[in-house]
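K.L.:
Okay, here's the structure, questions in a sec.
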Amino acid sequence: MAEFLSLAQAIEANVKDGDAVAMEGFTHLIPFAAGHEIIRQKRKRLSLIRMTPDLIYDQLIGMGCAERMTFSWGGNPGVGSLHRFRDAYQNGWPNQIEIVEHSHAAMANAYDAAAAGLPFAVFRGYRGAELPRVNPSIKEVICPYTGEKLATVPAVKLDVAIIHAQKADRKGNVLLEGIVGVQKEAVLAARRSVVTVEEIVDELNPPSPNSVVLPSWTVKAVVQVPGGAHPSYTHGYYKRDNAFYKAWDEIARERDTFTAWMDENVLRKGPEVFAAHAKKVA
Amino acid sequence: MAEFLSLAQAIEANVKDGDAVAMEGFTHLIPFAAGHEIIRQKRKRLSLIRMTPDLIYDQLIGMGCAERMTFSWGGNPGVGSLHRFRDAYQNGWPNQIEIVEHSHAAMANAYDAAAAGLPFAVFRGYRGAELPRVNPSIKEVICPYTGEKLATVPAVKLDVAIIHAQKADRKGNVLLEGIVGVQKEAVLAARRSVVTVEEIVDELNPPSPNSVVLPSWTVKAVVQVPGGAHPSYTHGYYKRDNAFYKAWDEIARERDTFTAWMDENVLRKGPEVFAAHAKKVA
Amino acid sequence: MSQTFTPNEMMTVAAARALTNDDVCFVGIGAPSAACNLARHTHAPGIVLIYESGTLETRPNVLPLSIGDGELCETALTTVSVPEMFRYWLQGGRITTGFLGGAQIDRYANLNTTVVGPYEKPSVRLPGGGGAPEIATSCGQIFITMAHSKRAFVEKIDFFTSLGHGEGGDSRKKLGVTTKGPTKVITDLCVMEPDDKTKELTVVSLHPGVTKDQVIAATGWQIKFAPDAGETPPPNETELKVLRELHARTKAAHGGNA
Amino acid sequence: MSQTFTPNEMMTVAAARALTNDDVCFVGIGAPSAACNLARHTHAPGIVLIYESGTLETRPNVLPLSIGDGELCETALTTVSVPEMFRYWLQGGRITTGFLGGAQIDRYANLNTTVVGPYEKPSVRLPGGGGAPEIATSCGQIFITMAHSKRAFVEKIDFFTSLGHGEGGDSRKKLGVTTKGPTKVITDLCVMEPDDKTKELTVVSLHPGVTKDQVIAATGWQIKFAPDAGETPPPNETELKVLRELHARTKAAHGGNA
C-alpha cells in the first residue's frame, strides 16, 4: 500500500546513491518537483533512464547526480540540445557520463517487457541502423515459425520509478490521464515508486471504467505537489510552459548561468514553489 | 474508412466460406446477432478462433458452419459444457471439428503479437503443463540475455474479426467500454472487421482521453444492431441474461431441441429481434 | 453455539479463512469467488480481488456467474484489457494467491481440466485450461478448492493441464518455477497441504463430523494424514450469515432476466 | 497572381501537397507538423495525423512545440500509451507516410541524427534517433524535409541513425524491409526523389527562382537532375494564408506563459 509522505521523505526513503531511476513522462507529466528534491538531497552516481530525457535530466546531470543515461532521444523538444548533458558527455563537466542508447521502439518495448515480468522484448527494429554496432545489448532472435530475424532489447531494470499524475485517492490509488507515455510500465517495472500528484481526493472517480489507474499496492509513496510537473504540464490542470523550455536554452548554455539558476531556483527553494503553477484549467 | 451496412450486407461482404474468424468478447460484448447472421447465410468450413468460445460458437458449430476451433477455454461460463461442440468433436455431428488448444495467456499474447505486426509472442508459460505435447505450435526461445527458456505462440492469423461495441460516430469511429477483452487486438489483427454497435451517434464523446477507441480506418463495416450482444451484455446498456445461459444447457443438450430452437429463433428471425433486449440502463 | 452447515459451506469458509487482508487474489468462478468475497466481507476487507476478465480490485455485491459479469467491472477500481491482465498483472508476478480447481487432481496437486480419457479421443472433452497453466506458476501460491470424490482425486490424472508439485519434491524448481504452487487443497471433507519435503498432499484437518475413513474412501490414492490432524473449526455465525446472504443476493440477481 | 514567400514556406507547401486525403501520417515536430496540418486545412481534410506521444487522429489548432503538447491530446480521437503506439500502430503497419529529417543525409537518403564525428567521441552529440530507426522501416513510405546545405547533404554520413535506401538499388529488400522508404526529399531549394533503379536522390523540381547551381553548391555529392526537372509550382494564395495563420496562432500560443 502506498504511503503518504512529504516529498523530502519520499525521496529520502526511495532514492539511493547509485540507483537505477526512471523519471518518466513523454513531454506530459514530467516529475520536475521530485527531480529538484533529488538534486537538493545531493544524490550521486544515479543511472538515469528515460525515453526522452529533457530539462530535468539536464539539471540532474549538470548538478552531478548522474553517472549514466539510458535513452532514445535526448534534447529540449522543439528547441535544441541539452547543453548540460552535452557538456558532461563531451567534456566531463561536472563529471563524465556514460550513455546507453536505444530507439524509442526499443525503449518502449523494454519498459513493456519489464512490466510484464519478462527478461527481454522482441520487436521488428534497427534494420539498416547503426545503433546495434555501438550498443552491445541489442541482439536478435529468430522467429521459430517464420525464420524471421527480429531485434531484442533487455527489459529495463529499475530500482525506482518516479512519475507525476493528476490525482490520488486517500488509499493511494493513482489516476493518470492524457498522454500517459510509459509511466504505468515504469511503475510496474520498478522495485519502488514515488508518485507526485496534483490533488488528493476522497474518491478517484475515474471517468471511464478503462481509465489508467495504478492501484495503491503498486506504488510505494504518494506525495501531493500541486504544479509538480512545471514547466511540463498536467492535462486538465495547467499547460506546458513552452516559453520556459525556450528560455532554458540560454540558461543552460553556460556553466555559470546554469549554476546560478539552479542555486536560486532549486537549492534555495522547496517543492512549495511549484504551487504557483498549479491552476486547474479544466 | 468504415462502411455503414446492414448486418446481412456486412456479413455477406466480409465473411467467406473457409475464413479464419474471431468473434471475440470475454463474457461481455459477444456479437451474437452477427453470429446468427452467419448461420442464416450458411457459411461453411469456418476456422473459429476465440479465447472463450461460448454459446455463439456452440450454435455455429451445431449448425455446421465450422471445421476448426482455436481456443483456450470452451464452456458455458458458470454452467457447464458446450454440448454442441462436444457432440461435434466427440461424435462428428453435424460434422467433425478439429481443435487447436492454447492457454489464455498464450491466446492473449497471440492476439497482442498479431496486433503488433509480429509473427510470434514470447511469454513465461506452460511450465509443467502437457499442452505443448499435443499442440505442435507451442515452441520456445531462449532469452539472449539470461538464457531463460520461454514459451512462444504464433500470432493469430485472422481473415475477419467480428465484435460488438457500445457506439460508433457517423464517421465510423468505435467506442468500447468495460471489459474490453482482446477485441481491439482482434480488430487490429484481422484483414477485415465487422463491428456491431448499440448506437450510432453524432459525436463519440469518449469519457476519457484514454478511452478505448477504434478509428474508423481500422474497421471495415459498422452495423447498428441494438441489443446485438444478447444474451451477453453491453456495459451501460443492458445486463447479462444469466438465466438464458442456464437455459441453454437444456436447449443444447439434445440435437432435436437444439435444431428446433435454432430454427425458431435464428433461421426464421432477423437481427431486429435483438432490439427487445436493448434497453439502456446507465 | 452450534449451527448446521453444508459441506460446501464448510469448504468455502475454510478457504476464506486462509486468505489475509494483504492478499492479491486471482479469483476463479464458483467456490473461489465465494471464498474470496466471504473473506472480503469478514476478516479481510482490504483483500484485492482480480478476475482474469481484466477487472482489477473488484468488490462485487453478488457473485458473478461468469468471469466477466458486469458486476465485476462496475465495482472494480479499473478494468484492463485481457492481454494486459495476463502480461502485466499475472505474469508480472503481482498476484499473491491464485485459485484453481479441476475435474481431476493427483497426490501432488497437479490438475486436469482438459479431458477425461486420451487427449486425441477423449471420453469427455472438458472446457480446457483457460488461465490455469500460467496461474499455476505465476501466482505466489495456489489454493485449490474441489468437491472430494474418488472420481476427482485420482492416482493418475488423464492430462496435465496445470502444474502442482509435478512428481513431488523439488519438481517445480527443476522446471525453473520459483513460486510455491499449491499450498492448500480445500475440499468439502478436509483441508490438505503438501508435505514439506515430498510435496505429497496430506490431510491437516478434517471438517466437523467427517471421519478419516470417509476421506480415504473418497480419495483415489492412499491418502496420508498429518499426525496432528485435528478438526477444522466449524463456520461461525457471522461467516454463515455473510455467506448465505451473498448466495441469496446472487440467486435473486441471476434467477431473473435482468 | 504572384506572391512572395520564403524558401521554408515553399518547402512546407511542397510537402503538404505530396500528402493525400487517405494518408495516415506519423508526424514529426517542425516542418512535418506544419506540412501535415497545412494539408489537413487545405486539400486533405480527412488526413489522419498521429504523433508518437500516443495521440491518434489529432487536429491541433496550433502547431505543437513538443511531440507531446497538450493540444495534441485535447484534439485527438484518442490517446494510447507509448508502448501501444510503437507496437500496435507503427510496427503494426498502419501508417502510410512517416516524416523524418536529420542533421545529415546522404545520396541514398540515409539519415544521421545521432552524432557529428565518431560515435564514441563526437564533436557534436545530437539528440539521437528517437523513433526514426523504426519509422524508417515500418511506414509505407517516408518523406524527408530538411534545409538544403552542404553541411547536411553530405557524401558520407557520420552515423547511420535510420535507413534510407542503404547503398542503393535493392538494399532495403536485402535487409528484409518491405516498405518503400524515402520517396521524396523536400528541401528549401528543391524536391528530390530516388531514382527508380539506383535509388540515388535526383532533383525532380526546383523551387521558383532556384537555379541548378544553387542546388549543386548546397549538396555535398554530385547531385543528379531528372531530365524533365521543372519548377515546383509556387504556393498559392490559400496555402500561404492558411500556413501563415497557423504559424501566427502558434506563435501567439507558445510565446506567452500559458
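Following the order of the C-alpha cells, first chain is A, next is B, and so on, with residues numbered from 1 inside each chain and ligands from 1 in the order they appear.
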Using only C-alpha atoms, find which residues of chain A lie within 6 Å of chain D and jot them down as a tab-separated table (two decimals) with N, CA, C and O atoms, in the first residue's frame.
P.N.:
```tsv
chain	number	residue	atom	x	y	z
A	27	THR	N	6.86	14.27	-22.57
A	27	THR	CA	6.53	15.69	-22.61
A	27	THR	C	5.56	16.07	-21.49
A	27	THR	O	5.75	17.07	-20.82
A	72	SER	N	16.53	7.28	-25.58
A	72	SER	CA	16.37	7.15	-27.03
A	72	SER	C	16.32	8.49	-27.75
A	72	SER	O	16.55	8.54	-28.95
A	73	TRP	N	16.00	9.57	-27.04
A	73	TRP	CA	16.04	10.89	-27.66
A	73	TRP	C	16.31	11.91	-26.57
A	73	TRP	O	15.46	12.10	-25.69
A	74	GLY	N	17.49	12.51	-26.58
A	74	GLY	CA	17.86	13.43	-25.51
A	74	GLY	C	17.98	14.84	-26.03
A	74	GLY	O	18.99	15.20	-26.61
A	75	GLY	N	16.95	15.64	-25.82
A	75	GLY	CA	17.00	17.01	-26.31
A	75	GLY	C	15.96	17.87	-25.62
A	75	GLY	O	15.19	17.40	-24.78
A	77	PRO	N	12.78	19.51	-26.45
A	77	PRO	CA	11.85	19.30	-27.57
A	77	PRO	C	11.49	20.60	-28.29
A	77	PRO	O	11.02	21.54	-27.66
A	78	GLY	N	11.71	20.60	-29.58
A	78	GLY	CA	11.35	21.76	-30.39
A	78	GLY	C	12.30	22.92	-30.23
A	78	GLY	O	12.14	23.95	-30.89
A	103	SER	N	16.54	3.01	-29.57
A	103	SER	CA	15.48	3.74	-30.27
A	103	SER	C	14.25	3.80	-29.37
A	103	SER	O	14.14	3.08	-28.39
A	104	HIS	N	13.31	4.67	-29.73
A	104	HIS	CA	12.04	4.74	-28.97
A	104	HIS	C	11.35	3.39	-28.91
A	104	HIS	O	10.86	2.97	-27.86
A	105	ALA	N	11.28	2.73	-30.06
A	105	ALA	CA	10.58	1.44	-30.10
A	105	ALA	C	11.23	0.46	-29.14
A	105	ALA	O	10.55	-0.26	-28.42
A	108	ALA	N	10.42	1.58	-25.47
A	108	ALA	CA	9.02	1.33	-25.15
A	108	ALA	C	8.80	-0.17	-24.92
A	108	ALA	O	8.13	-0.58	-23.96
A	125	GLY	N	12.97	-4.17	-35.49
A	125	GLY	CA	13.62	-2.88	-35.38
A	125	GLY	C	15.06	-2.88	-35.83
A	125	GLY	O	15.64	-3.93	-36.09
A	126	TYR	N	15.59	-1.67	-35.93
A	126	TYR	CA	17.01	-1.43	-36.18
A	126	TYR	C	17.50	-1.93	-37.53
A	126	TYR	O	18.70	-2.04	-37.73
A	128	GLY	N	19.03	-1.94	-40.86
A	128	GLY	CA	19.83	-0.96	-41.57
A	128	GLY	C	20.31	0.18	-40.71
A	128	GLY	O	20.86	1.16	-41.21
A	129	ALA	N	20.11	0.09	-39.40
A	129	ALA	CA	20.53	1.16	-38.49
A	129	ALA	C	21.83	0.76	-37.80
A	129	ALA	O	22.14	-0.42	-37.65
A	130	GLU	N	22.58	1.76	-37.35
A	130	GLU	CA	23.93	1.51	-36.85
A	130	GLU	C	24.00	1.29	-35.34
A	130	GLU	O	25.03	0.83	-34.82
A	180	VAL	N	-0.12	9.40	-21.64
A	180	VAL	CA	0.31	8.60	-20.47
A	180	VAL	C	1.68	7.96	-20.66
A	180	VAL	O	2.24	7.38	-19.73
A	181	GLY	N	2.23	8.07	-21.87
A	181	GLY	CA	3.62	7.64	-22.11
A	181	GLY	C	3.89	6.21	-21.68
A	181	GLY	O	3.16	5.29	-22.04
A	182	VAL	N	4.97	6.03	-20.94
A	182	VAL	CA	5.31	4.70	-20.43
A	182	VAL	C	5.30	4.72	-18.91
A	182	VAL	O	5.94	3.89	-18.27
A	241	ASP	N	4.61	25.05	-20.19
A	241	ASP	CA	5.22	26.37	-20.21
A	241	ASP	C	6.28	26.39	-21.31
A	241	ASP	O	7.48	26.33	-21.05
A	242	ASN	N	5.80	26.47	-22.55
A	242	ASN	CA	6.71	26.39	-23.70
A	242	ASN	C	7.76	27.50	-23.64
A	242	ASN	O	8.91	27.31	-24.06
A	243	ALA	N	7.38	28.67	-23.10
A	243	ALA	CA	8.33	29.79	-23.02
A	243	ALA	C	9.51	29.42	-22.12
A	243	ALA	O	10.65	29.79	-22.40
```
K.L.:
Could the residues of chain A within 12 Å of chain B, counting only C-alpha atoms, be given as a ChimeraX atom specification, please?
P.N.:
/A:105,109,113,116-125,136-155,175-181,205-213,235-236
K.L.:
Please, can I see chain D fitted onto chain C by all in-order Cα atoms (least squares), as a compact mmCIF listing (two decimals) with C-alpha atoms, in the first residue's frame?
P.N.:
```
# COMPACT_ATOMS: atom_id res chain seq x y z
CA MET D 1 -23.33 -22.20 19.86
CA SER D 2 -23.79 -24.87 17.26
CA GLN D 3 -25.18 -24.35 13.79
CA THR D 4 -25.84 -26.65 10.89
CA PHE D 5 -23.98 -26.00 7.68
CA THR D 6 -23.38 -27.85 4.43
CA PRO D 7 -20.05 -29.45 3.44
CA ASN D 8 -19.84 -26.91 0.65
CA GLU D 9 -20.26 -24.06 3.12
CA MET D 10 -17.50 -25.54 5.26
CA MET D 11 -15.23 -25.71 2.21
CA THR D 12 -15.90 -22.10 1.31
CA VAL D 13 -15.40 -20.86 4.87
CA ALA D 14 -12.14 -22.81 5.24
CA ALA D 15 -10.85 -21.29 2.01
CA ALA D 16 -11.92 -17.80 3.06
CA ARG D 17 -10.06 -18.12 6.36
CA ALA D 18 -6.84 -18.99 4.60
CA LEU D 19 -6.87 -15.56 2.95
CA THR D 20 -5.41 -12.46 4.57
CA ASN D 21 -6.07 -8.79 4.33
CA ASP D 22 -2.82 -8.35 2.38
CA ASP D 23 -3.59 -10.87 -0.35
CA VAL D 24 -3.92 -10.02 -4.01
CA CYS D 25 -6.08 -12.85 -5.38
CA PHE D 26 -6.64 -14.15 -8.85
CA VAL D 27 -10.19 -15.37 -8.41
CA GLY D 28 -11.98 -18.12 -10.30
CA ILE D 29 -15.71 -18.60 -10.68
CA GLY D 30 -17.67 -20.72 -8.16
CA ALA D 31 -16.24 -21.66 -4.78
CA PRO D 32 -13.14 -19.41 -5.10
CA SER D 33 -15.30 -16.42 -5.84
CA ALA D 34 -17.51 -17.20 -2.83
CA ALA D 35 -14.47 -17.73 -0.59
CA CYS D 36 -12.73 -14.53 -1.66
CA ASN D 37 -15.81 -12.40 -1.26
CA LEU D 38 -16.62 -14.00 2.07
CA ALA D 39 -13.12 -13.10 3.26
CA ARG D 40 -13.60 -9.57 1.97
CA HIS D 41 -16.88 -9.22 3.86
CA THR D 42 -15.44 -10.62 7.09
CA HIS D 43 -11.83 -10.61 8.28
CA ALA D 44 -10.08 -9.29 5.15
CA PRO D 45 -11.81 -6.11 4.00
CA GLY D 46 -8.65 -4.92 2.26
CA ILE D 47 -8.12 -8.06 0.16
CA VAL D 48 -7.62 -7.30 -3.53
CA LEU D 49 -9.67 -9.42 -5.93
CA ILE D 50 -8.73 -9.73 -9.56
CA TYR D 51 -10.69 -11.63 -12.21
CA GLU D 52 -8.96 -12.65 -15.43
CA SER D 53 -11.52 -10.72 -17.50
CA GLY D 54 -9.47 -7.63 -16.67
CA THR D 55 -11.23 -6.29 -13.57
CA LEU D 56 -8.71 -5.04 -11.01
CA GLU D 57 -9.70 -4.72 -7.36
CA THR D 58 -13.33 -5.54 -7.76
CA ARG D 59 -15.95 -5.55 -4.98
CA PRO D 60 -18.94 -7.42 -6.34
CA ASN D 61 -22.11 -7.26 -4.28
CA VAL D 62 -23.34 -10.52 -5.81
CA LEU D 63 -21.24 -13.42 -7.03
CA PRO D 64 -20.62 -13.44 -10.76
CA LEU D 65 -21.97 -16.33 -12.86
CA SER D 66 -19.24 -15.76 -15.41
CA ILE D 67 -15.72 -14.45 -15.07
CA GLY D 68 -16.79 -11.30 -16.90
CA ASP D 69 -20.15 -10.33 -15.38
CA GLY D 70 -20.95 -6.62 -15.50
CA GLU D 71 -20.96 -6.50 -11.70
CA LEU D 72 -17.21 -7.15 -11.68
CA CYS D 73 -16.42 -4.20 -13.92
CA GLU D 74 -18.90 -1.83 -12.30
CA THR D 75 -17.38 -2.36 -8.86
CA ALA D 76 -13.74 -2.52 -9.98
CA LEU D 77 -11.05 0.08 -9.37
CA THR D 78 -10.33 -0.15 -13.09
CA THR D 79 -10.60 -2.65 -15.92
CA VAL D 80 -7.70 -3.49 -18.21
CA SER D 81 -7.51 -5.45 -21.45
CA VAL D 82 -7.06 -9.20 -21.28
CA PRO D 83 -3.54 -9.13 -22.79
CA GLU D 84 -2.56 -6.59 -20.15
CA MET D 85 -4.12 -8.74 -17.41
CA PHE D 86 -2.09 -11.78 -18.40
CA ARG D 87 1.11 -9.87 -19.17
CA TYR D 88 1.45 -7.05 -16.61
CA TRP D 89 -0.60 -8.44 -13.74
CA LEU D 90 -0.37 -12.23 -13.75
CA GLN D 91 3.00 -12.82 -15.45
CA GLY D 92 4.27 -9.62 -13.83
CA GLY D 93 4.21 -11.51 -10.52
CA ARG D 94 1.76 -9.21 -8.75
CA ILE D 95 -0.64 -11.91 -7.52
CA THR D 96 -0.06 -13.46 -4.10
CA THR D 97 -2.71 -16.17 -4.27
CA GLY D 98 -4.43 -17.84 -7.21
CA PHE D 99 -7.37 -20.22 -7.05
CA LEU D 100 -7.71 -23.35 -9.15
CA GLY D 101 -9.95 -26.37 -9.32
CA GLY D 102 -10.42 -29.17 -11.80
CA ALA D 103 -12.06 -32.37 -12.84
CA GLN D 104 -9.09 -34.43 -11.63
CA ILE D 105 -6.28 -33.90 -9.13
CA ASP D 106 -3.42 -36.18 -8.13
CA ARG D 107 -1.44 -36.54 -4.90
CA TYR D 108 0.93 -33.76 -5.96
CA ALA D 109 -1.94 -31.38 -6.69
CA ASN D 110 -1.44 -31.46 -10.43
CA LEU D 111 -4.76 -30.69 -12.13
CA ASN D 112 -6.70 -31.78 -15.17
CA THR D 113 -9.48 -29.66 -16.66
CA THR D 114 -8.88 -30.72 -20.24
CA VAL D 115 -10.11 -34.25 -21.02
CA VAL D 116 -11.25 -37.49 -19.45
CA GLY D 117 -9.57 -40.23 -21.44
CA PRO D 118 -6.87 -39.74 -24.06
CA TYR D 119 -6.41 -36.20 -25.43
CA GLU D 120 -6.97 -37.14 -29.05
CA LYS D 121 -10.06 -39.27 -28.42
CA PRO D 122 -11.47 -38.24 -25.04
CA SER D 123 -14.46 -39.88 -23.41
CA VAL D 124 -15.31 -36.42 -22.07
CA ARG D 125 -13.98 -33.24 -23.58
CA LEU D 126 -13.80 -30.68 -20.74
CA PRO D 127 -13.64 -26.89 -21.23
CA GLY D 128 -9.83 -26.77 -21.13
CA GLY D 129 -7.20 -24.98 -19.14
CA GLY D 130 -8.13 -21.34 -19.66
CA GLY D 131 -5.79 -19.34 -17.47
CA ALA D 132 -4.73 -22.31 -15.32
CA PRO D 133 -1.35 -23.25 -16.86
CA GLU D 134 0.09 -19.81 -16.09
CA ILE D 135 -1.92 -19.11 -12.93
CA ALA D 136 -0.36 -22.30 -11.53
CA THR D 137 3.17 -20.99 -11.98
CA SER D 138 2.86 -17.17 -11.78
CA CYS D 139 0.93 -16.67 -8.53
CA GLY D 140 2.85 -16.66 -5.25
CA GLN D 141 0.83 -19.65 -4.06
CA ILE D 142 -2.21 -21.62 -5.17
CA PHE D 143 -5.30 -22.66 -3.25
CA ILE D 144 -7.34 -25.47 -4.75
CA THR D 145 -11.01 -25.97 -3.91
CA MET D 146 -12.76 -29.13 -5.12
CA ALA D 147 -15.52 -31.50 -4.08
CA HIS D 148 -13.89 -34.61 -2.68
CA SER D 149 -14.63 -37.80 -4.63
CA LYS D 150 -12.81 -40.82 -5.96
CA ARG D 151 -13.61 -39.71 -9.51
CA ALA D 152 -11.77 -36.43 -8.93
CA PHE D 153 -8.97 -37.40 -6.52
CA VAL D 154 -7.19 -39.95 -8.69
CA GLU D 155 -3.98 -41.93 -8.72
CA LYS D 156 -3.15 -40.61 -12.17
CA ILE D 157 -4.70 -37.64 -13.93
CA ASP D 158 -5.55 -38.11 -17.63
CA PHE D 159 -3.93 -34.83 -18.68
CA PHE D 160 -1.54 -32.40 -17.00
CA THR D 161 -3.47 -29.17 -17.56
CA SER D 162 -1.57 -27.31 -14.88
CA LEU D 163 1.41 -27.95 -12.69
CA GLY D 164 1.04 -28.64 -8.99
CA HIS D 165 4.10 -30.22 -7.46
CA GLY D 166 4.85 -32.32 -10.52
CA GLU D 167 6.34 -35.60 -9.38
CA GLY D 168 6.85 -34.23 -5.89
CA GLY D 169 9.97 -33.01 -4.12
CA ASP D 170 11.71 -30.22 -5.99
CA SER D 171 9.87 -30.81 -9.27
CA ARG D 172 8.86 -27.17 -9.56
CA LYS D 173 12.37 -25.93 -8.99
CA LYS D 174 13.71 -28.30 -11.65
CA LEU D 175 11.27 -26.78 -14.12
CA GLY D 176 12.58 -23.30 -13.30
CA VAL D 177 9.42 -22.34 -11.42
CA THR D 178 10.11 -20.16 -8.39
CA THR D 179 6.61 -19.80 -6.94
CA LYS D 180 5.24 -22.06 -4.19
CA GLY D 181 2.48 -23.79 -6.10
CA PRO D 182 -0.45 -25.40 -4.27
CA THR D 183 -0.14 -24.76 -0.54
CA LYS D 184 -3.69 -25.82 0.37
CA VAL D 185 -6.30 -28.11 -1.12
CA ILE D 186 -9.63 -27.46 0.51
CA THR D 187 -12.45 -29.92 -0.12
CA ASP D 188 -15.88 -30.47 1.31
CA LEU D 189 -14.35 -33.10 3.63
CA CYS D 190 -10.99 -31.78 4.74
CA VAL D 191 -8.02 -29.47 4.30
CA MET D 192 -4.83 -30.87 2.77
CA GLU D 193 -1.38 -29.39 2.53
CA PRO D 194 1.67 -30.67 0.68
CA ASP D 195 4.28 -32.35 2.83
CA ASP D 196 7.26 -30.04 3.31
CA LYS D 197 9.66 -32.43 1.67
CA THR D 198 7.82 -34.90 -0.56
CA LYS D 199 5.10 -32.40 -1.52
CA GLU D 200 2.53 -35.17 -1.29
CA LEU D 201 -0.89 -33.89 -0.18
CA THR D 202 -1.51 -34.65 3.48
CA VAL D 203 -4.73 -34.11 5.41
CA VAL D 204 -4.10 -31.46 8.06
CA SER D 205 -7.67 -31.12 9.33
CA LEU D 206 -10.97 -32.92 8.94
CA HIS D 207 -14.16 -30.90 8.72
CA PRO D 208 -16.51 -31.35 11.69
CA GLY D 209 -18.23 -34.73 11.60
CA VAL D 210 -16.00 -36.10 8.83
CA THR D 211 -14.07 -39.32 9.55
CA LYS D 212 -10.71 -40.43 8.19
CA ASP D 213 -12.49 -43.36 6.56
CA GLN D 214 -14.73 -41.02 4.61
CA VAL D 215 -11.68 -39.21 3.28
CA ILE D 216 -9.91 -42.48 2.47
CA ALA D 217 -12.99 -43.73 0.64
CA ALA D 218 -13.23 -40.53 -1.41
CA THR D 219 -9.57 -40.47 -2.44
CA GLY D 220 -8.13 -42.52 -5.30
CA TRP D 221 -4.72 -42.90 -3.74
CA GLN D 222 -3.57 -43.95 -0.29
CA ILE D 223 -4.08 -40.61 1.38
CA LYS D 224 -1.83 -39.61 4.26
CA PHE D 225 -2.89 -37.81 7.40
CA ALA D 226 -0.72 -35.47 9.41
CA PRO D 227 0.00 -36.86 12.89
CA ASP D 228 -1.53 -33.75 14.43
CA ALA D 229 -4.52 -33.57 12.06
CA GLY D 230 -7.41 -32.17 14.05
CA GLU D 231 -10.83 -30.77 13.30
CA THR D 232 -11.37 -27.79 11.05
CA PRO D 233 -13.01 -25.13 13.21
CA PRO D 234 -16.65 -24.98 12.08
CA PRO D 235 -18.06 -21.88 10.41
CA ASN D 236 -19.07 -19.28 12.93
CA GLU D 237 -22.34 -17.43 12.93
CA THR D 238 -21.04 -14.38 11.12
CA GLU D 239 -19.35 -16.41 8.40
CA LEU D 240 -22.49 -18.40 7.72
CA LYS D 241 -24.69 -15.33 7.77
CA VAL D 242 -22.48 -13.38 5.38
CA LEU D 243 -22.03 -16.34 3.04
CA ARG D 244 -25.73 -17.14 2.93
CA GLU D 245 -26.67 -13.54 2.31
CA LEU D 246 -24.13 -13.44 -0.51
CA HIS D 247 -25.66 -16.53 -2.08
CA ALA D 248 -29.19 -15.22 -1.57
CA ARG D 249 -28.35 -11.92 -3.26
CA THR D 250 -26.66 -13.83 -6.06
CA LYS D 251 -29.61 -16.13 -6.61
CA ALA D 252 -32.02 -13.20 -6.73
CA ALA D 253 -29.79 -11.36 -9.22
CA HIS D 254 -29.15 -14.29 -11.58
CA GLY D 255 -32.48 -16.04 -11.43
CA GLY D 256 -34.46 -13.38 -13.19
CA ASN D 257 -33.92 -12.00 -16.64
CA ALA D 258 -32.16 -8.81 -15.61
```
K.L.:
Write out as number ranges by chain the residues lying within 6 Å of Asp169 (chain A), counting only C-alpha atoms and excluding same-chain residues fewer than 2 positions away.
P.N.:
A: 171-173, 200-204
K.L.:
Run DSSP on the backbone and give me the residues of region 21-130 of chain D it puts in helix (DSSP H, G or I), as a ChimeraX atom specification.
P.N.:
/D:31-41,70-74,82-91
K.L.:
Within region 6-250 of chain D, find each residue whose DSSP state, derived from the backbone, is strand (DSSP E), and express the selection as JSON, numbers by chain.
P.N.:
{"D": [24, 25, 26, 27, 48, 49, 50, 51, 55, 56, 57, 58, 76, 77, 78, 79, 97, 98, 99, 100, 104, 105, 111, 112, 115, 116, 124, 125, 141, 142, 143, 144, 145, 146, 182, 183, 184, 185, 186, 187, 190, 191, 192, 193, 194, 201, 202, 203, 204, 205, 206, 224, 225, 226, 227, 228, 229, 230, 231]}
K.L.:
Determine, counting only C-alpha atoms, which protein, DNA and RNA residues have an atom within 12 Å of an atom of Phe274 (chain B); residues of the same chain fewer than 6 positions away are not included. Present the result as a compact mmCIF listing (two decimals) with N, CA and C atoms, in the first residue's frame.
P.N.:
```
# COMPACT_ATOMS: atom_id res chain seq x y z
N PRO B 31 -20.70 -10.83 -29.92
CA PRO B 31 -21.51 -10.42 -31.07
C PRO B 31 -22.50 -11.51 -31.52
N PHE B 32 -23.51 -11.75 -30.72
CA PHE B 32 -24.48 -12.81 -31.01
C PHE B 32 -25.26 -12.55 -32.29
N ALA B 33 -25.70 -11.31 -32.48
CA ALA B 33 -26.52 -11.02 -33.67
C ALA B 33 -25.73 -11.32 -34.95
N ALA B 34 -24.46 -10.94 -34.94
CA ALA B 34 -23.63 -11.20 -36.12
C ALA B 34 -23.43 -12.70 -36.32
N HIS B 36 -25.56 -15.04 -35.52
CA HIS B 36 -26.80 -15.57 -36.08
C HIS B 36 -26.89 -15.30 -37.58
N GLU B 37 -26.42 -14.13 -37.99
CA GLU B 37 -26.46 -13.80 -39.41
C GLU B 37 -25.56 -14.75 -40.22
N THR B 196 -20.61 -4.50 -34.75
CA THR B 196 -22.00 -4.15 -34.49
C THR B 196 -22.02 -3.26 -33.26
N VAL B 197 -22.91 -2.27 -33.26
CA VAL B 197 -22.97 -1.31 -32.14
C VAL B 197 -24.41 -1.11 -31.68
N GLU B 198 -24.51 -0.69 -30.42
CA GLU B 198 -25.84 -0.37 -29.88
C GLU B 198 -26.40 0.90 -30.52
N GLN B 224 -25.46 -0.98 -37.03
CA GLN B 224 -26.20 -0.76 -35.79
C GLN B 224 -27.15 -1.92 -35.53
N VAL B 225 -26.93 -2.61 -34.41
CA VAL B 225 -27.81 -3.71 -34.01
C VAL B 225 -28.08 -3.56 -32.52
N PRO B 226 -29.09 -2.78 -32.16
CA PRO B 226 -29.39 -2.62 -30.73
C PRO B 226 -29.66 -3.98 -30.10
N GLY B 227 -29.08 -4.22 -28.95
CA GLY B 227 -29.27 -5.49 -28.27
C GLY B 227 -28.45 -6.62 -28.87
N GLY B 228 -27.56 -6.30 -29.81
CA GLY B 228 -26.85 -7.31 -30.60
C GLY B 228 -25.94 -8.23 -29.83
N ALA B 229 -25.69 -7.94 -28.55
CA ALA B 229 -24.84 -8.82 -27.74
C ALA B 229 -25.66 -9.80 -26.90
N HIS B 230 -26.96 -9.68 -26.88
CA HIS B 230 -27.79 -10.56 -26.04
C HIS B 230 -27.64 -12.03 -26.45
N PRO B 231 -27.51 -12.97 -25.51
CA PRO B 231 -27.66 -12.90 -24.04
C PRO B 231 -26.41 -12.44 -23.29
N SER B 232 -25.31 -12.14 -24.00
CA SER B 232 -24.21 -11.44 -23.37
C SER B 232 -24.71 -10.02 -23.10
N TYR B 233 -23.86 -9.14 -22.66
CA TYR B 233 -24.36 -7.83 -22.26
C TYR B 233 -23.52 -6.70 -22.84
N TYR B 238 -27.39 -2.89 -21.17
CA TYR B 238 -28.24 -3.94 -20.61
C TYR B 238 -27.36 -5.01 -20.00
N ASN B 265 -35.62 -19.46 -33.54
CA ASN B 265 -35.07 -18.20 -33.03
C ASN B 265 -33.98 -17.57 -33.89
N VAL B 266 -33.45 -18.34 -34.82
CA VAL B 266 -32.38 -17.78 -35.66
C VAL B 266 -32.78 -17.81 -37.14
```
